[in-house]
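This report concerns only the one structure given below.
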Amino acid sequence: MVKELTIMQNSKDAIFEREFLPQIDALYNFAYNLTRNETDANDLVQETYLKAYKFIESYRENTNAKAWLFRILKNTFINDYRKRKNRPTQVDYEENVLFHQESDTLFSGSLDLQEDMFSAMMGDEVTLAMEALKVDFRIVILLSDIEGFSYEEIAEIINVPIGTVRSRLFRARNMLKEKLQAYAAAKYGIADKRN
């Protein structure tokens with residue numbers, strides 16, 4: 001019995017290393033695009049891997065490990081998002097003090113005016129437009145246009161019919177287009193073609 005358990009454990013570890021670990025960079029990118037926070041993204045990836053290892057028996061070896069892991073990550077993110085949404089806002093006193101200490105010393109060093117000027121000019125409007133999307137729309141854009149999943153894979157990851165994937169993707173792209181056209185019109189005086 002002990003020998004059989006050891007063999008099963010070694011098999012789980014081999015699957016984990018061979019099929020799951022190579023996906024870590026893609027998972028982190030997806031997590032970061034969802035959370036927009038390095039610490040939260042790392043936590044989300046770690047939780048995804050913990051769940052994947054715990055439920056590895058439900059994974060069919062040599063299938064689409066990336067899609068399976070992305071589905072776990074997406075579900076974990078949605079569940080955490082719902083919990084936070086229903087929880088009252090909390091203020092961390094230590095974080096607040098640290099912020100004020102950092103802001104006091106922000107201008108004590110030398111400033112690189114050229115860097116500041118270009119970073120202000122090169123704002124990440126696409127990121128802001130993405131963050132303005134509802135989570136369901138942001139997820140399909142990220143999975144399709146950033147991660148390159150097919151409609152079938154996205155449908156499997158988010159557990160909806162392919163038609164819903166196509167519809168959400170179409171609507172999400174149109175929302176992004178409108179937001180970015182409005183930005184371009186305001187920033188660069190480009191005629192807004194929506195009118």
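As shown in the structure tokens, the chain order sets the letters A, B, ...; within each chain, residues go from 1, and ligands are also counted from 1 in the order they appear.
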Next on the checklist: Report as number ranges by chain all protein, DNA and RNA residues lying within 7 Å of Ala41 (chain A), evaluated on only C-alpha atoms, omitting residues in the same chain fewer than 6 positions from it.
Outcome noted: A: 28, 31-32, 35
Item to check | Residue neighbourhood region 176-189 of chain A, 7 Å, only C-alpha atoms, exclusion window fewer than 4 positions, as a list of chain:residue names | outcome: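 Surrounding residues, per the criterion: A:Ala129, A:Met130, A:Ala172.
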Next on the checklist: Using only C-alpha atoms for the distances, tell me which of A:Thr127, A:Thr76, A:Asn33, A:Asn64 is nearest to Glu156 (chain A).
Outcome noted: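 Closest candidate: A:Asn64.
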Next on the checklist: Let me make sure I understand: among A:Ala67, A:Val45, A:Leu73, A:Leu34, which one has the smallest atom-to-atom distance to Asp136 (chain A) if we use only C-alpha atoms?
Outcome noted: A:Leu34
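One distance worth recording is that between CA of Ile15 (chain A) and CA of Glu57 (chain A), which is 10.3 Å.
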Next on the checklist: Could you tell me how far CA of Asp145 (chain A) sits from CA of Val126 (chain A), in Å to one decimal place?
Outcome noted: 12.8 Å
Checklist entry - Contacts of Thr164 (chain A) at 12 Å or less, counting only C-alpha atoms, minus same-chain residues fewer than 3 places along, as an NGL selection string? => result :A and (136-137 or 140 or 151-152 or 154-156 or 158-161 or 167-172)
